Structures are given as C-alpha cells and as structure tokens.
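A.B. asks: The structure's right below; bear with me while I get my questions together.
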Number of protein chains: 2
Amino acid sequence: MNELQERILRDGKNLGGGILKVDSFVNHQVDPLLMDACGREFARRFASLGATKVLTAEISGIAPALTTAIHLGLPVVYARKTKPITMPDQVYLTLAPSHTKGRMVELIVSPEYLANNEKVLIIDDFLASGQTILGLARLAEASGSKIVGIGALIEKVFEGGREALKSLDVQIEALACIVSMEDGKIVFSE
Amino acid sequence: MNELQERILRDGKNLGGGILKVDSFVNHQVDPLLMDACGREFARRFASLGATKVLTAEISGIAPALTTAIHLGLPVVYARKTKPITMPDQVYLTLAPSHTKGRMVELIVSPEYLANNEKVLIIDDFLASGQTILGLARLAEASGSKIVGIGALIEKVFEGGREALKSLDVQIEALACIVSMEDGKIVFSE
C-alpha cells in the first residue's frame, strides 16, 4: 500500500537493530485518516473470507483492528495483557514474548467474547517474529474458533514471522513489507 | 445519546459497588459501528472548538478517541502507561490513580507529539472521579498546550468527576450520564 510505505519513508525512524519507530503515525500518535485507509484496505483484501470477528492484542493493535472492523462491520476483540476486574475467573490465557518489553507477556481473552465456531481475522500493527500473532491464534483455537486470515500494517520480512505462521495455513497480508533496514535505510519488497 | 444509553441498558452489567461492565461493546470487545457513531457525535459537539489534537489514555480510551479523531480529521495521541523503547529519555509524565487496578499508574506522553500551543480535546471511555482526565490535562499543560474540551462515553455522575474538572473551565460532554447504579438498576439523567 503506497500511502503507508511513503509515510514510513517520510516519518518512520530506523533506530538500528531492526527497530522501526513509527510513533508519529501508528504507535503513541495515530494518524486517523491513514489508519482508516489501512482498515479499508484490509477489509477489501479479506472481504471474501466470511470472518465473524476481528482479534488483536492491546495496545498498538487496537487502532488498525478497529478501523478494519468498522469497514467489515464486525466486532473486534482485543486481548488484554492484564486481567481487569470485570473479567470472569475462567479465561483463555497464553504467553508471548514481547519484542519491546524484552520479557514474556500474558494475552488474555474472556470466553464471553470468543465463542465456539467463530471465524477470526487477526489484525496487528507489526508482523515481526510472529510470536504475538501465534499467541492470538492459540487463544482463538482454545475457544474452538478458526483463524481465517492475518493482517499486519508493517511486516519486517527479515524477522521470519511469515514462516513461523505457515502452519496456520491462512491468507497473510501486510500493507508494507520491509525486507531490509541495514545501513540506516528502509527497503520495501516488490 | 440514545443509542449508547440503550446499549448500556441492554448489554451493560451492573456489578455492584458502582462498577459498570461494558466489556461486550466498549472495553475488551468493541462494537465498531457504535464506536464510530459515538466519535461522530463527539465531533459534532466539539466541532467549533478549533482543537488541533485529540488526547486520550491507553487502553480503553483509544477506540472512542480514534473514531472522534477520524471525524474531526485530527491526529490522536494516547498517553502510554509504560515507556516504550522508542520514546526519548525526556518525557511528560504524571501519576493518576487507576480505578480498576487499585494503584497509581503513570501517564506518559512524548514531547515530540504534544507541542507548545496545541488546542487539546481529551476523549476517554469513562468520566468517573475525573482523575485520569486531570492527569491528561496536567500533561497537556506541562507541554504548553491548552485543553479546549473533554468528552467521555459514559459519565458516572455520582463519582463527582465533573466537579473535579471544574477548574479547567472547559466544555465537558458525556454521551451517557448515569446518576445512580443502586439496587442493580442503571438510571440516566435527563
């Protein structure tokens, strides 16, 4: 998606070590019109899957998942990283390594909102190692739901996430695929 | 706003002790079309303020703030509760008591995205004691910005937040104002 790629080139910061800072339009500050355009594009690419629910992980996944859900007209569930007091005692919980926190974090979904036989579309901001998305897939599978598609705003191809998700055997879409961040440059595929 | 009030009566859960569970359409699971309608309504009510930025706090504030920002065409910043590695060392940071966590939490905004002289519209899911919103207002003031309006999806009038925010002297809008949650009932104002 050209609009997102151009924005990454203009406002993204390559901090080295494979870290891409997009805090001015995706994380921390969000450009709502860009995010809406990304949601529309995900909705277009996944329109034919018959998804019944969008699933993401708090915090940075919420914005792209919400705009995708608006354009698909589907409810969106965001996995919590801490269990709020309003959640029942019995939950779906899994652990996933956090890239930015350098430790394992919990991903928690209430069985109230992930029923048996849902067709789940996972949307997140980044596809890097794929571990957060694999965690979301485990939660969905624990509930008896089926993953039907995976979308990420930005894929860091060199971290191998697409390979890690291969066993799920579903359509994977990234709106900007970065193949290299070496020498301070950001290089997209195609 | 009738649509939100009706949804609260239908799907909200009065857990007692003033706790309203809206996890099926606001927190955890989000109804994107309802949230879009709420954002449109906030945009309508605050249209004349000349706001330059929408400010909220992660996590539950992100959805209503984003849809409001889409309809106003403004960037949205969400205060982080933990400092990500992409944030500079020097930040705006304040403490606010968390209702649901029973302890103080940090609210952190990078000076990169809250410049001097911004006109800030604060949007959050709940207006209860008003302490989170006061924290956001302190961050905005520390940056030299001016608060121009405050919007919350749901106000728990009996917790006195509107009184606590009085000194800010700005327009405050809530889309559903709950005056009582006693005896398992939910009573709205008007």
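Letters for chains follow the order of the structure tokens (A, B, ...), residue numbers begin at 1 for each chain, and ligand numbers begin at 1 in the order shown.
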After a least-squares superposition on chain B over all sequentially paired C-alpha atoms, what is chain A as a compact mmCIF listing (two decimals) with C-alpha atoms, in the first residue's frame?
C.D. replies:
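Result went into result19.txt, see below:
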# COMPACT_ATOMS: atom_id res chain seq x y z
CA MET A 1 -27.07 9.79 23.07
CA ASN A 2 -29.90 7.28 22.93
CA GLU A 3 -28.02 4.59 21.01
CA LEU A 4 -25.35 4.31 23.71
CA GLN A 5 -27.83 4.52 26.61
CA GLU A 6 -29.96 1.76 25.12
CA ARG A 7 -26.89 -0.41 24.61
CA ILE A 8 -25.82 0.10 28.23
CA LEU A 9 -29.28 -0.93 29.42
CA ARG A 10 -29.27 -3.98 27.14
CA ASP A 11 -25.67 -5.25 27.42
CA GLY A 12 -24.04 -3.38 30.31
CA LYS A 13 -23.67 -5.24 33.60
CA ASN A 14 -24.08 -3.51 36.93
CA LEU A 15 -21.59 -5.47 39.06
CA GLY A 16 -22.37 -3.49 42.21
CA GLY A 17 -20.13 -1.08 44.08
CA GLY A 18 -20.50 1.40 41.21
CA ILE A 19 -18.75 -0.90 38.72
CA LEU A 20 -20.31 -0.95 35.26
CA LYS A 21 -19.12 -3.73 32.97
CA VAL A 22 -19.29 -2.72 29.31
CA ASP A 23 -16.75 -5.30 28.09
CA SER A 24 -19.03 -6.53 25.32
CA PHE A 25 -19.13 -3.24 23.37
CA VAL A 26 -16.58 -0.73 24.79
CA ASN A 27 -13.76 -2.50 26.66
CA HIS A 28 -12.27 -5.82 25.54
CA GLN A 29 -14.85 -6.34 22.78
CA VAL A 30 -15.68 -3.18 20.85
CA ASP A 31 -18.75 -2.58 18.67
CA PRO A 32 -17.06 -0.60 15.90
CA LEU A 33 -20.23 0.88 14.41
CA LEU A 34 -21.46 2.11 17.80
CA MET A 35 -17.95 3.49 18.48
CA ASP A 36 -17.97 5.21 15.10
CA ALA A 37 -21.36 6.77 15.90
CA CYS A 38 -20.01 7.99 19.26
CA GLY A 39 -16.98 9.51 17.51
CA ARG A 40 -19.25 11.29 15.05
CA GLU A 41 -21.33 12.67 17.93
CA PHE A 42 -18.25 13.94 19.80
CA ALA A 43 -16.99 15.54 16.57
CA ARG A 44 -20.34 17.30 16.19
CA ARG A 45 -20.43 18.56 19.77
CA PHE A 46 -16.82 19.81 19.73
CA ALA A 47 -16.68 20.99 16.10
CA SER A 48 -16.48 24.68 16.94
CA LEU A 49 -13.58 24.49 19.42
CA GLY A 50 -10.74 24.60 16.89
CA ALA A 51 -8.99 21.63 18.51
CA THR A 52 -5.65 20.65 16.93
CA LYS A 53 -5.18 17.30 18.68
CA VAL A 54 -7.16 14.57 20.44
CA LEU A 55 -5.58 13.17 23.62
CA THR A 56 -6.53 10.01 25.48
CA ALA A 57 -5.02 7.36 27.75
CA GLU A 58 -4.32 3.78 26.73
CA ILE A 59 -6.05 1.35 26.71
CA SER A 60 -9.82 1.80 26.70
CA GLY A 61 -9.70 5.42 25.59
CA ILE A 62 -8.14 4.55 22.24
CA ALA A 63 -11.28 3.38 20.44
CA PRO A 64 -13.53 6.41 21.14
CA ALA A 65 -10.62 8.84 20.72
CA LEU A 66 -9.71 7.31 17.35
CA THR A 67 -13.22 7.48 15.92
CA THR A 68 -13.58 11.08 17.18
CA ALA A 69 -10.25 11.93 15.54
CA ILE A 70 -11.37 10.33 12.26
CA HIS A 71 -14.46 12.53 12.18
CA LEU A 72 -12.54 15.68 13.16
CA GLY A 73 -9.58 14.88 10.88
CA LEU A 74 -7.13 15.44 13.73
CA PRO A 75 -4.17 13.38 15.01
CA VAL A 76 -4.77 11.46 18.22
CA VAL A 77 -2.16 10.84 20.91
CA TYR A 78 -2.62 8.16 23.55
CA ALA A 79 -0.68 8.55 26.77
CA ARG A 80 1.32 5.39 27.48
CA LYS A 81 1.33 3.68 30.87
CA THR A 82 4.79 2.19 30.34
CA LYS A 83 7.57 3.92 28.42
CA PRO A 84 8.38 2.09 25.17
CA ILE A 85 11.98 1.85 23.98
CA THR A 86 11.20 4.13 21.06
CA MET A 87 10.40 7.07 23.36
CA PRO A 88 13.04 9.71 24.15
CA ASP A 89 14.52 9.91 27.67
CA GLN A 90 12.87 13.23 28.40
CA VAL A 91 9.08 12.87 28.59
CA TYR A 92 5.99 14.38 30.16
CA LEU A 93 4.94 12.06 32.97
CA THR A 94 2.30 12.24 35.65
CA LEU A 95 0.65 9.82 38.06
CA ALA A 96 -3.04 9.09 38.27
CA PRO A 97 -4.96 6.62 40.42
CA SER A 98 -6.32 3.68 38.46
CA HIS A 99 -9.86 2.77 39.32
CA THR A 100 -9.63 -0.79 38.02
CA LYS A 101 -6.07 -1.49 39.17
CA GLY A 102 -6.35 -0.07 42.67
CA ARG A 103 -2.98 1.69 42.43
CA MET A 104 -1.26 4.69 40.86
CA VAL A 105 -0.34 4.36 37.19
CA GLU A 106 1.97 6.49 35.10
CA LEU A 107 0.68 8.51 32.15
CA ILE A 108 3.48 9.34 29.73
CA VAL A 109 3.50 11.49 26.59
CA SER A 110 6.48 12.21 24.40
CA PRO A 111 7.23 15.92 23.86
CA GLU A 112 7.52 15.03 20.15
CA TYR A 113 3.74 14.79 19.84
CA LEU A 114 2.42 17.38 22.25
CA ALA A 115 3.86 20.66 21.13
CA ASN A 116 3.54 24.11 22.59
CA ASN A 117 0.25 25.88 21.80
CA GLU A 118 -1.77 22.83 20.78
CA LYS A 119 -5.52 23.02 21.46
CA VAL A 120 -6.25 19.65 23.03
CA LEU A 121 -9.54 17.76 23.11
CA ILE A 122 -9.47 14.97 25.73
CA ILE A 123 -11.60 11.89 24.99
CA ASP A 124 -11.93 8.86 27.29
CA ASP A 125 -14.29 5.96 27.83
CA PHE A 126 -15.36 6.85 31.38
CA LEU A 127 -15.67 10.02 33.39
CA ALA A 128 -15.81 8.75 36.97
CA SER A 129 -13.67 10.50 39.61
CA GLY A 130 -12.04 12.54 36.83
CA GLN A 131 -8.51 11.69 38.01
CA THR A 132 -7.29 10.14 34.72
CA ILE A 133 -8.59 13.13 32.77
CA LEU A 134 -6.98 15.53 35.25
CA GLY A 135 -3.72 13.63 34.69
CA LEU A 136 -4.04 14.08 30.93
CA ALA A 137 -4.76 17.77 31.48
CA ARG A 138 -1.55 18.10 33.54
CA LEU A 139 0.45 16.51 30.69
CA ALA A 140 -1.10 18.91 28.19
CA GLU A 141 -0.43 21.89 30.42
CA ALA A 142 3.18 20.80 31.00
CA SER A 143 3.68 20.92 27.24
CA GLY A 144 2.28 24.43 26.98
CA SER A 145 -0.92 23.20 25.33
CA LYS A 146 -4.41 24.33 26.20
CA ILE A 147 -7.31 21.97 26.98
CA VAL A 148 -10.34 23.06 24.97
CA GLY A 149 -12.82 20.26 25.68
CA ILE A 150 -13.41 16.95 27.46
CA GLY A 151 -15.57 14.10 26.21
CA ALA A 152 -16.42 10.76 27.83
CA LEU A 153 -18.64 7.98 26.55
CA ILE A 154 -20.08 7.26 29.97
CA GLU A 155 -20.23 9.55 32.99
CA LYS A 156 -20.81 8.15 36.45
CA VAL A 157 -22.26 11.37 37.81
CA PHE A 158 -22.29 10.06 41.39
CA GLU A 159 -18.48 9.87 41.46
CA GLY A 160 -18.13 13.64 41.14
CA GLY A 161 -15.71 13.85 38.19
CA ARG A 162 -17.39 16.87 36.62
CA GLU A 163 -16.87 18.80 39.85
CA ALA A 164 -13.19 17.75 39.96
CA LEU A 165 -12.70 19.07 36.40
CA LYS A 166 -14.47 22.37 37.05
CA SER A 167 -11.24 24.33 37.49
CA LEU A 168 -10.27 23.52 33.87
CA ASP A 169 -13.25 25.65 32.80
CA VAL A 170 -13.93 23.85 29.50
CA GLN A 171 -16.90 22.23 27.74
CA ILE A 172 -17.50 18.72 29.13
CA GLU A 173 -19.67 16.26 27.22
CA ALA A 174 -20.74 12.74 28.17
CA LEU A 175 -22.84 10.63 25.82
CA ALA A 176 -24.49 8.67 28.64
CA CYS A 177 -24.80 10.19 32.13
CA ILE A 178 -25.53 7.66 34.85
CA VAL A 179 -26.90 9.22 38.01
CA SER A 180 -27.47 6.05 39.98
CA MET A 181 -26.48 2.38 39.94
CA GLU A 182 -28.14 1.44 43.21
CA ASP A 183 -30.20 -1.73 43.72
CA GLY A 184 -28.88 -3.24 40.48
CA LYS A 185 -30.55 -0.55 38.36
CA ILE A 186 -28.90 1.87 35.93
CA VAL A 187 -30.54 5.30 35.91
CA PHE A 188 -29.62 7.99 33.38
CA SER A 189 -30.07 11.74 33.84
CA GLU A 190 -32.61 13.89 31.91
A.B. asks: Mind checking DSSP for region 87-152 of chain A and telling me the alpha helix (DSSP H) residues as a ChimeraX atom specification?
C.D. replies: /A:131-142
A.B. asks: From a DSSP calculation on the backbone, collect every residue of region 6-110 of chain A in strand (DSSP E) and output the set as an mmCIF file with N, CA, C and O atoms, in the first residue's frame.
C.D. replies:
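In the end it all went to states37.cif:
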data_model
loop_
_atom_site.group_PDB
_atom_site.id
_atom_site.type_symbol
_atom_site.label_atom_id
_atom_site.label_comp_id
_atom_site.auth_asym_id
_atom_site.auth_seq_id
_atom_site.Cartn_x
_atom_site.Cartn_y
_atom_site.Cartn_z
ATOM 1 N N LYS A 13 11.329 6.130 11.750
ATOM 2 C CA LYS A 13 12.736 6.289 12.123
ATOM 3 C C LYS A 13 13.369 4.920 12.304
ATOM 4 O O LYS A 13 12.922 4.108 13.113
ATOM 5 N N ASN A 14 14.414 4.688 11.535
ATOM 6 C CA ASN A 14 15.182 3.453 11.643
ATOM 7 C C ASN A 14 16.186 3.628 12.778
ATOM 8 O O ASN A 14 17.195 4.307 12.628
ATOM 9 N N LEU A 15 15.865 3.031 13.951
ATOM 10 C CA LEU A 15 16.699 3.239 15.139
ATOM 11 C C LEU A 15 17.870 2.271 15.199
ATOM 12 O O LEU A 15 18.645 2.289 16.160
ATOM 13 N N GLY A 16 17.979 1.412 14.192
ATOM 14 C CA GLY A 16 19.052 0.410 14.208
ATOM 15 C C GLY A 16 18.613 -0.831 14.959
ATOM 16 O O GLY A 16 17.640 -0.806 15.726
ATOM 17 N N ILE A 19 14.901 -1.993 14.733
ATOM 18 C CA ILE A 19 13.790 -1.290 15.390
ATOM 19 C C ILE A 19 13.328 -0.131 14.517
ATOM 20 O O ILE A 19 14.100 0.768 14.187
ATOM 21 N N LEU A 20 12.050 -0.176 14.145
ATOM 22 C CA LEU A 20 11.443 0.884 13.350
ATOM 23 C C LEU A 20 10.504 1.684 14.243
ATOM 24 O O LEU A 20 9.558 1.138 14.810
ATOM 25 N N LYS A 21 10.785 2.968 14.376
ATOM 26 C CA LYS A 21 9.926 3.832 15.195
ATOM 27 C C LYS A 21 8.875 4.475 14.300
ATOM 28 O O LYS A 21 9.204 5.234 13.385
ATOM 29 N N GLN A 29 1.250 8.437 18.762
ATOM 30 C CA GLN A 29 0.373 9.304 17.972
ATOM 31 C C GLN A 29 -0.121 8.495 16.779
ATOM 32 O O GLN A 29 0.649 7.762 16.165
ATOM 33 N N VAL A 30 -1.418 8.621 16.491
ATOM 34 C CA VAL A 30 -2.010 7.888 15.382
ATOM 35 C C VAL A 30 -2.556 8.885 14.365
ATOM 36 O O VAL A 30 -3.235 9.843 14.750
ATOM 37 N N LYS A 53 -15.314 -12.196 13.359
ATOM 38 C CA LYS A 53 -14.743 -11.376 14.425
ATOM 39 C C LYS A 53 -13.312 -10.970 14.074
ATOM 40 O O LYS A 53 -12.596 -11.733 13.442
ATOM 41 N N VAL A 54 -12.948 -9.763 14.489
ATOM 42 C CA VAL A 54 -11.560 -9.305 14.355
ATOM 43 C C VAL A 54 -10.908 -9.444 15.731
ATOM 44 O O VAL A 54 -11.510 -9.088 16.745
ATOM 45 N N LEU A 55 -9.693 -9.969 15.758
ATOM 46 C CA LEU A 55 -8.975 -10.163 17.023
ATOM 47 C C LEU A 55 -7.627 -9.469 16.935
ATOM 48 O O LEU A 55 -6.935 -9.559 15.925
ATOM 49 N N THR A 56 -7.262 -8.759 18.015
ATOM 50 C CA THR A 56 -5.957 -8.121 18.066
ATOM 51 C C THR A 56 -5.445 -8.176 19.499
ATOM 52 O O THR A 56 -6.078 -8.756 20.377
ATOM 53 N N ALA A 57 -4.267 -7.571 19.720
ATOM 54 C CA ALA A 57 -3.707 -7.505 21.070
ATOM 55 C C ALA A 57 -3.572 -6.033 21.444
ATOM 56 O O ALA A 57 -3.181 -5.213 20.602
ATOM 57 N N VAL A 76 -14.796 -6.296 17.224
ATOM 58 C CA VAL A 76 -13.359 -6.510 17.405
ATOM 59 C C VAL A 76 -13.094 -6.801 18.873
ATOM 60 O O VAL A 76 -13.686 -6.174 19.753
ATOM 61 N N VAL A 77 -12.247 -7.791 19.122
ATOM 62 C CA VAL A 77 -11.848 -8.124 20.494
ATOM 63 C C VAL A 77 -10.356 -7.866 20.620
ATOM 64 O O VAL A 77 -9.592 -8.274 19.754
ATOM 65 N N TYR A 78 -9.946 -7.131 21.666
ATOM 66 C CA TYR A 78 -8.511 -7.004 21.891
ATOM 67 C C TYR A 78 -8.109 -7.792 23.123
ATOM 68 O O TYR A 78 -8.668 -7.634 24.197
ATOM 69 N N ALA A 79 -7.145 -8.685 22.930
ATOM 70 C CA ALA A 79 -6.624 -9.471 24.051
ATOM 71 C C ALA A 79 -5.984 -8.526 25.055
ATOM 72 O O ALA A 79 -5.238 -7.616 24.675
ATOM 73 N N TYR A 92 -9.266 -17.510 28.641
ATOM 74 C CA TYR A 92 -8.229 -18.043 27.770
ATOM 75 C C TYR A 92 -6.986 -17.200 27.957
ATOM 76 O O TYR A 92 -7.044 -15.979 27.840
ATOM 77 N N LEU A 93 -5.871 -17.839 28.267
ATOM 78 C CA LEU A 93 -4.634 -17.100 28.532
ATOM 79 C C LEU A 93 -3.464 -17.819 27.888
ATOM 80 O O LEU A 93 -3.378 -19.044 27.930
ATOM 81 N N THR A 94 -2.596 -17.041 27.267
ATOM 82 C CA THR A 94 -1.366 -17.624 26.733
ATOM 83 C C THR A 94 -0.231 -16.639 26.953
ATOM 84 O O THR A 94 -0.463 -15.481 27.294
ATOM 85 N N LEU A 95 0.981 -17.086 26.791
ATOM 86 C CA LEU A 95 2.150 -16.219 26.940
ATOM 87 C C LEU A 95 2.793 -15.999 25.584
ATOM 88 O O LEU A 95 2.851 -16.905 24.754
ATOM 89 N N ALA A 96 3.268 -14.784 25.382
ATOM 90 C CA ALA A 96 4.003 -14.490 24.149
ATOM 91 C C ALA A 96 5.149 -13.556 24.497
ATOM 92 O O ALA A 96 5.010 -12.691 25.364
ATOM 93 N N PRO A 97 6.288 -13.723 23.834
ATOM 94 C CA PRO A 97 7.415 -12.829 24.101
ATOM 95 C C PRO A 97 7.132 -11.434 23.557
ATOM 96 O O PRO A 97 6.639 -11.298 22.445
ATOM 97 N N SER A 98 7.396 -10.416 24.369
ATOM 98 C CA SER A 98 7.226 -9.055 23.891
ATOM 99 C C SER A 98 8.548 -8.513 23.385
ATOM 100 O O SER A 98 9.539 -8.460 24.111
ATOM 101 N N ARG A 103 10.442 -9.304 27.600
ATOM 102 C CA ARG A 103 10.015 -10.378 28.518
ATOM 103 C C ARG A 103 8.723 -10.990 27.992
ATOM 104 O O ARG A 103 8.150 -10.510 27.023
ATOM 105 N N MET A 104 8.260 -12.061 28.666
ATOM 106 C CA MET A 104 7.003 -12.675 28.267
ATOM 107 C C MET A 104 5.845 -11.830 28.791
ATOM 108 O O MET A 104 5.895 -11.302 29.902
ATOM 109 N N VAL A 105 4.814 -11.666 27.982
ATOM 110 C CA VAL A 105 3.597 -11.004 28.456
ATOM 111 C C VAL A 105 2.421 -11.961 28.301
ATOM 112 O O VAL A 105 2.455 -12.880 27.475
ATOM 113 N N GLU A 106 1.404 -11.733 29.117
ATOM 114 C CA GLU A 106 0.193 -12.540 29.014
ATOM 115 C C GLU A 106 -0.730 -11.952 27.954
ATOM 116 O O GLU A 106 -0.793 -10.735 27.779
ATOM 117 N N LEU A 107 -1.420 -12.796 27.248
ATOM 118 C CA LEU A 107 -2.504 -12.392 26.350
ATOM 119 C C LEU A 107 -3.759 -13.108 26.843
ATOM 120 O O LEU A 107 -3.774 -14.343 26.943
ATOM 121 N N ILE A 108 -4.776 -12.327 27.193
ATOM 122 C CA ILE A 108 -5.948 -12.879 27.872
ATOM 123 C C ILE A 108 -7.217 -12.488 27.124
ATOM 124 O O ILE A 108 -7.420 -11.321 26.794
ATOM 125 N N VAL A 109 -8.068 -13.462 26.838
ATOM 126 C CA VAL A 109 -9.374 -13.181 26.232
ATOM 127 C C VAL A 109 -10.449 -13.875 27.056
ATOM 128 O O VAL A 109 -10.290 -15.019 27.484
#
